[in-house]
Amino acid sequence: MKDKRTGITSKAKIVFRSLQYRNYRLFFSGQSISLIGTWMQRIALPWLVYHMTGSAFLLGVVGFAGQIPTFLLAPFAGVLTDRWSRYKVLLVTQILSMIQAGVLAWLSIAGLLDIWHIV
């Protein structure tokens with residue numbers, strides 16, 4: 001059923017109800033932009049490795065090595081976020097991700113990027 005005032009169905013109101021809160025909108029939009037960048041990087045890095053080397057083996061190594069930090073740090077991440085401010089943890093991790101992406105971009109543009117930088 002549509003709301004006579006807004007023309008929006010009641011299901012759509014329920015789905016987007018959380019967007020009425022400013023802080024959630026900021027979090028949602030920031031995380032959306034961050035995740036788009038993360039997935040672009042996850043697609044581009046293996047492609048770049050294959051383009052640089054032509055080696056399917058190194059392509060697999062980069063894919064595997066990209067998961068190692070998750071395997072090693074995930075058990076401790078929950079404890080950290082419980083003990084520290086979630087806001088500060090999120091801010092620090094996003095800043096570190098931005099720095100890492102910026103350094104890789106700079107190395108690539110400058111022509112200094114080597115395989116060990118990516119792995």
# chains A, B, ... in the order shown; residues from 1 in each chain; ligands from 1
$ closest_atom_pairs --of "segment 70-103 of chain A" --to "segment 40-51 of chain A" --cutoff "12 Å" --atoms "only C-alpha atoms" --output "CSV"
residue,atom,partner,partner_atom,distance
A:Ser97,CA,A:Gln41,CA,10.7
A:Met98,CA,A:Gln41,CA,11.1
A:Gln100,CA,A:Gln41,CA,10.7
A:Ala101,CA,A:Gln41,CA,7.9
A:Gly102,CA,A:Gln41,CA,11.0
$ atom_distance --atom1 "atom CA of Thr38 of chain A" --atom2 "atom CA of Ser108 of chain A"
16.8 Å
$ residues_around --residues "Ile115 of chain A" --least-positions-apart "2" --cutoff "9 Å" --atoms "only C-alpha atoms" --output "list in words"
Val49, Met52, Thr53, Leu58, Val62, Leu113, His117, Ile118 and Val119 of chain A
$ closest_residue --among "A:Leu91, A:Ala105, A:Ala110, A:Ile99" --to "Gly30 of chain A" --atoms "only C-alpha atoms"
A:Leu91
$ atom_distance --atom1 "atom CA of Gly66 of chain A" --atom2 "atom CA of Asp82 of chain A"
25.2 Å
